Amino acid sequence: MEENIIFKPLYTLKHSPINVYFSKNSNDFVVREKPLYEFSGKGEHLILHIQKKDLSTSEALRILSEQSGVKMKDFGYSGLKDKQGLTFQYISMPKKFEESLRNFKHDKMKILGSFCHDNKLRIGHLKGNSFFIRLKKVSKVDALKIEQAFKNIQEQGFANYFGYQRFGKFQDNFSQGLEILKGKKIKNKKMQEFLISAFQSELFNRYLSKRVELSHFINDFSEKEIKQIYGLEKEEIKSLKNQKQFFKLLKGEVLGHYPFGKCFICEDLSSEVERFNQKDISAMALLIGSKAYEANKGLAKKLEDEIFSFAYEFKDKMQGSRRFMWSYLQDCKSHYDEEKAHFTLEFFLQKGSYATVVLEEILHTDIFEQTHNV
């Protein structure tokens with residue numbers, strides 16, 4: 001395994017690249033956060049519903065801090081939002097500073113509403129995000145291709161890769177995280193934790209890409225060819241080929257109740273495949289670290305070792321967990337304006353999933369390279 005190479009995730013759908021224009025600006029990329037629960041209406045914390053334009057979450061907090069006097073560490077939020085585009089999210093702060101924001105004005109941010117609540121918002125305190133994406137310069141032929149790809153993803157789900165945002169402007173967060181694990185010291189503890197999480201995320205993507213590759217092989221190649229590549233016995237190959245869905249489950253791997261729930265080992269493959277197809281459960285890949293639930297046998301364990309083995313020596317330096325490999329869209333809408341050559345997509349994603357990953361699967365285009373002119 002080559003440690004320092006960023007792998008390009010494999011696509012699940014089979015079609016040629018669709019050439020359209022996409023820009024993450026406030027007219028064409030909109031994100032709306034959906035909270036995990038209703039706010040109580042009482043308590044010592046103030047929840048702000050903010051609208052921000054071309055600002056990162058940290059930049060928005062700095063602006064609020066400068067106007068209100070609230071220390072940065074006393075703000076709370078459920079998740080980081082894209083800098084580029086128009087985004088709506090919830091921020092918490094101590095209620096005693098409410099009056100300081102009474103006349104708040106900023107050309108890139110608005111406070112749309114405020115609510116009292118019992119506790120500070122923490123990372124993960126959200127259900128997910130709704131997205132609006134406008135694509136431009138879309139021909140009639142390409143519109144039909146986009147419509148079909150979007151429909152296919154709605155039906156089968158998508159490979160839940162971490163998006164390019166996780167890996168930094170120069171896509172080097174993974175290698176920096178590895179250097180920290182090898183002993184390099186940096187003063188900023190939060191940055192250190194983020195870079196280590198980028199290291200975990202890249203290995204997650206490598207493993208998921210390996211599983212997508214396996215699924216393509218099972219669907220497209222003969223039993224003899226599959227045995228040569230993966231060394232599987234005839235019965236194992238047959239059980240995989242009998243799975244009609246694209247993404248194949250493996251006996252001995254870790255599954256989880258979707259979209260929230262405990263992890264468990266896949267023992268009865270046939271019954272778990274049925275639950276997977278009903279979207280009750282999904283397969284979960286490793287975010288390497290201590291106390292993580294690990295695959296225990298067979299091909300699942302073999303593939304996991306293949307991807308993660310070089311990092312096992314660092315396991316105790318990270319907090320491990322599991323993340324869904326396969327996820328689903330909800331509340332999907334699409335519209336093609338032939339006169340303007342615009343195609344709009346709307347959908348909801350569970351927390352932790354990336355709209356750019358869905359868009360890359362639809363277009364078969366590297367969004368990072370397109371938006372950063374790399």
# chains A, B, ... in the order shown; residues from 1 in each chain; ligands from 1
$ residues_around --residues "Lys145 (chain A)" --least-positions-apart "4" --cutoff "9 Å" --atoms "only C-alpha atoms" --output "PyMOL selection string"
chain A and resi 15+18+140-141+149-150+362-363
$ select_by_dssp --residues "region 138-232 of chain A" --states "alpha helix (DSSP H)" --output "ChimeraX atom specification"
/A:140-156,173-181,189-220,223-230
$ closest_atom_pairs --of "region 159-180 of chain A" --to "region 340-361 of chain A" --cutoff "12 Å" --atoms "only C-alpha atoms" --output "JSON lines"
{"residue": "A:Ala159", "atom": "CA", "partner": "A:Val357", "partner_atom": "CA", "distance": 8.3}
{"residue": "A:Asn160", "atom": "CA", "partner": "A:Ser353", "partner_atom": "CA", "distance": 6.3}
{"residue": "A:Tyr161", "atom": "CA", "partner": "A:Val357", "partner_atom": "CA", "distance": 6.6}
{"residue": "A:Phe162", "atom": "CA", "partner": "A:Tyr354", "partner_atom": "CA", "distance": 6.8}
{"residue": "A:Gly163", "atom": "CA", "partner": "A:Val357", "partner_atom": "CA", "distance": 5.7}
{"residue": "A:Tyr164", "atom": "CA", "partner": "A:Thr356", "partner_atom": "CA", "distance": 8.2}
{"residue": "A:Gln165", "atom": "CA", "partner": "A:Tyr354", "partner_atom": "CA", "distance": 9.0}
{"residue": "A:Arg166", "atom": "CA", "partner": "A:Tyr354", "partner_atom": "CA", "distance": 10.0}
$ write_last_selection --atoms "C-alpha atoms" --output "short mmCIF file (atom, residue, chain, number, x, y, z; two decimals), in the first residue's frame"
data_model
loop_
_atom_site.label_atom_id
_atom_site.label_comp_id
_atom_site.auth_asym_id
_atom_site.auth_seq_id
_atom_site.Cartn_x
_atom_site.Cartn_y
_atom_site.Cartn_z
CA ALA A 159 -21.07 5.21 -2.10
CA ASN A 160 -20.74 7.49 0.93
CA TYR A 161 -17.20 8.77 0.36
CA PHE A 162 -15.71 11.68 2.25
CA GLY A 163 -15.64 14.69 -0.07
CA TYR A 164 -12.58 16.60 -1.26
CA GLN A 165 -13.30 19.29 1.38
CA ARG A 166 -11.91 16.88 3.97
#
$ closest_residue --among "A:His49, A:Arg322, A:His335, A:Lys317" --to "Ala143 (chain A)" --atoms "only C-alpha atoms"
A:His335
$ residues_around --residues "Asn129 (chain A)" --least-positions-apart "2" --cutoff "12 Å" --atoms "only C-alpha atoms" --output "ChimeraX atom specification"
/A:30-36,78-82,87-90,124-127,131-132,329-331,346-355
$ write_last_selection --atoms "C-alpha atoms" --output "PDB file, in the first residue's frame"
ATOM      1  CA  VAL A  30     -27.540  26.302  -1.320  1.00  0.00           C
ATOM      2  CA  VAL A  31     -27.315  24.275   1.907  1.00  0.00           C
ATOM      3  CA  ARG A  32     -29.996  24.226   4.618  1.00  0.00           C
ATOM      4  CA  GLU A  33     -29.232  22.524   7.917  1.00  0.00           C
ATOM      5  CA  LYS A  34     -31.992  20.456   9.542  1.00  0.00           C
ATOM      6  CA  PRO A  35     -31.706  20.223  13.346  1.00  0.00           C
ATOM      7  CA  LEU A  36     -31.867  16.890  15.122  1.00  0.00           C
ATOM      8  CA  SER A  78     -23.775  21.105  14.789  1.00  0.00           C
ATOM      9  CA  GLY A  79     -21.536  20.922  11.731  1.00  0.00           C
ATOM     10  CA  LEU A  80     -19.188  22.902   9.523  1.00  0.00           C
ATOM     11  CA  LYS A  81     -20.743  24.367   6.390  1.00  0.00           C
ATOM     12  CA  ASP A  82     -19.172  25.140   3.038  1.00  0.00           C
ATOM     13  CA  THR A  87     -25.753  28.272   3.637  1.00  0.00           C
ATOM     14  CA  PHE A  88     -28.241  28.210   6.499  1.00  0.00           C
ATOM     15  CA  GLN A  89     -27.274  26.806   9.892  1.00  0.00           C
ATOM     16  CA  TYR A  90     -27.859  27.031  13.641  1.00  0.00           C
ATOM     17  CA  GLY A 124     -23.460  15.960  15.257  1.00  0.00           C
ATOM     18  CA  HIS A 125     -26.569  17.630  16.727  1.00  0.00           C
ATOM     19  CA  LEU A 126     -28.272  17.715  13.332  1.00  0.00           C
ATOM     20  CA  LYS A 127     -30.383  15.387  11.252  1.00  0.00           C
ATOM     21  CA  PHE A 131     -29.180  20.884  -0.910  1.00  0.00           C
ATOM     22  CA  PHE A 132     -30.070  22.920  -3.981  1.00  0.00           C
ATOM     23  CA  LEU A 329     -30.976  10.402  -0.959  1.00  0.00           C
ATOM     24  CA  GLN A 330     -34.320  11.702   0.305  1.00  0.00           C
ATOM     25  CA  ASP A 331     -36.791  14.375  -0.841  1.00  0.00           C
ATOM     26  CA  GLU A 346     -32.635  19.111  -4.822  1.00  0.00           C
ATOM     27  CA  PHE A 347     -32.166  16.415  -2.186  1.00  0.00           C
ATOM     28  CA  PHE A 348     -31.649  15.724   1.512  1.00  0.00           C
ATOM     29  CA  LEU A 349     -28.602  13.929   2.933  1.00  0.00           C
ATOM     30  CA  GLN A 350     -28.043  12.451   6.360  1.00  0.00           C
ATOM     31  CA  LYS A 351     -25.361  14.215   8.425  1.00  0.00           C
ATOM     32  CA  GLY A 352     -21.807  13.476   7.384  1.00  0.00           C
ATOM     33  CA  SER A 353     -22.605  12.881   3.701  1.00  0.00           C
ATOM     34  CA  TYR A 354     -21.347  15.206   0.962  1.00  0.00           C
ATOM     35  CA  ALA A 355     -23.438  16.699  -1.842  1.00  0.00           C
TER      36      ALA A 355
END
$ closest_residue --among "A:Glu313, A:Glu179, A:Glu225, A:Glu202" --to "Phe167 (chain A)" --atoms "only C-alpha atoms"
A:Glu202
